[in-house]
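Right, one structure below, let's go through it.
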Amino acid sequence: MTNESAQSIVLGDVEVIRIVEWQGPFAPARTLVPDAGAEVWKGNEEWLAPDHWAPDEDSAVMALQSWVLRSGGRTVLVDTGVGAGRERPGSPHFHHRTDDLPGRLERAGIRPEDVDVVVNTHLHADHVGWNTRDAGGAWVPTFPNARYLVPAADDFHFGPDNGYGGGLHADDRLVHEDSVAPVHRAGLVDLWDGAHRIDDHLVLESAPGHTPGSAVLRLASGTDRAVFVGDLLHSPVQILDPGRASCFCLDPRGASATRRRVLERAADTRELVVPAHFGGSGAAEVRRQGTGFAVAGWATYPGE
């Protein structure tokens with residue numbers, strides 16, 4: 001399923017715009033989250049289906065989406081999807097896609113040259129693809145006026161030196177070569193580690209586990225709070241028990257510890273949790289429940 005319309009909400013002084021490229025069944029539910037058994041999905045079918053689980057095919061429903069934040073007079077793009085025309089032989093969902101994120105952004109009133117900051121929460125293929133575009137056979141930055149904020153630990157890991165060693169899939173080298181290295185060559189990359197403040201409302205924080213440099217982006221404006229968690233969460237069943245890692249986590253134990261820490265803060269401070277790939281409304285409010293958490297509500301957009 002695709003979604004041409006952009007959805008937006010305002011949190012304090014920050015406008016948040018959701019850009020969905022596609023949404024639908026993605027992978028077998030118990031392949032995506034191996035520690036969530038059939039009883040977990042079936043026992044929560046009433047609210048997981050149809051936005052997060054397709055029971056008839058036992059598939060997790062996910063979205064490929066980006067988020068645009070208009071903050072402090074600047075336009076910040078969070079994650080850039082898969083890209084188009086990419087060689088991803090090890091990832092059938094991402095191989096030679098024909099999506100058009102720049103077109104979707106323009107229809108939402110955002111031209112590539114309007115983007116001031118690009119945030120890559122981590123350097124997996126579906127978060128960096130539209131960092132670049134094909135210009136006559138050469139990959140060039142899609143957003144020529146932007147600074148690209150890249151976690152240093154991920155650049156170290158996925159870059160040509162593979163600094164951490166191991167943990168690479170067949171496509172990872174291709175991803176760095178066509179979606180990250182060209183932005184480096186253009187001099188548009190700012191590497192960061194630990195924490196990085198974008199403006200008065202937005203702060204990046206390291207959240208390792210899914211990848212060595214995985215990050216969350218915190219929004220605080222007025223009394224409103226949100227945390228863009230990237231791939232710390234692929235499915236709401238991980239909210240119920242943050243010990244459940246996805247099959248894509250390079251360090252499952254580390255990812256679980258980070259996920260619990262982030263959810264604890266979100267529940268205690270009423271941060272809206274905004275994962276990279278949730279279907280439905282794409283964002284949730286959480287509360288503590290026993291040793292885990294529960295979904296207290298879903299984001300709503302004006303006019304819905």
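Convention: chains lettered A, B, ... in structure tokens order; per-chain residue numbering from 1; ligands numbered from 1 as shown.
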Pick out each residue of region 102-282 of chain A that DSSP on the backbone tags as helix (DSSP H, G or I); I need them as a VMD selection string.
chain A and resid 102 to 107 112 to 114 125 to 131 152 to 158 172 to 185 237 to 240 252 to 269
Just want the 9 Å neighbourhood of Glu264 (chain A), counted on only C-alpha atoms, with same-chain residues fewer than 2 positions away dropped. Output as number ranges by chain.
A: 259-262, 266-269, 286-288, 293
Could you jot down the CA of Gly37 (chain A) to CA of Val237 (chain A) separation for me, Å, one decimal place?
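One can read the CA of Gly37 (chain A) to CA of Val237 (chain A) distance as 10.1 Å.
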Give me, as CSV, each residue of region 158-258 of chain A that comes within 8 Å of region 66-73 of chain A, together with its shortest interatomic pair and the distance in Å at one decimal, counting only C-alpha atoms, with rows ordered by chain and rising residue number.
residue,atom,partner,partner_atom,distance
A:Asp199,CA,A:Gly72,CA,7.0
A:Asp200,CA,A:Gly72,CA,7.6
A:His201,CA,A:Ser71,CA,7.2
Show me a table, sorted first by chain and then by increasing residue number, of the residues of region 68-120 of chain A having an atom at most 9 Å from region 167-177 of chain A, each with its shortest atom pair and the distance in Å to one decimal, counting only C-alpha atoms and written as a tab-separated table.
residue	atom	partner	partner_atom	distance
A:Arg86	CA	A:Val175	CA	8.4
A:Glu87	CA	A:Leu174	CA	7.2
A:Arg88	CA	A:Asp171	CA	5.7
A:Pro89	CA	A:Asp171	CA	7.0
A:Gly90	CA	A:Asp171	CA	6.0
A:Ser91	CA	A:Asp171	CA	7.6
Region 237-295 of chain A near region 108-127 of chain A within 10 Å: what's each residue's closest atom pair and its distance in Å to one decimal, counting only C-alpha atoms, ordered by chain then ascending residue number, as JSON lines?
{"residue": "A:Phe248", "atom": "CA", "partner": "A:His124", "partner_atom": "CA", "distance": 9.6}
{"residue": "A:Ala276", "atom": "CA", "partner": "A:His127", "partner_atom": "CA", "distance": 8.6}
{"residue": "A:His277", "atom": "CA", "partner": "A:Asp126", "partner_atom": "CA", "distance": 9.9}
Would you mind reading off the distance between CA of Asp154 (chain A) and CA of Ile19 (chain A), one decimal, in Å?
24.6 Å
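Remark: for Gln65 (chain A), the closest of the candidate residues A:Val78, A:Ala296, A:Ala84, A:Val150 is A:Val78 (distances computed over only C-alpha atoms).
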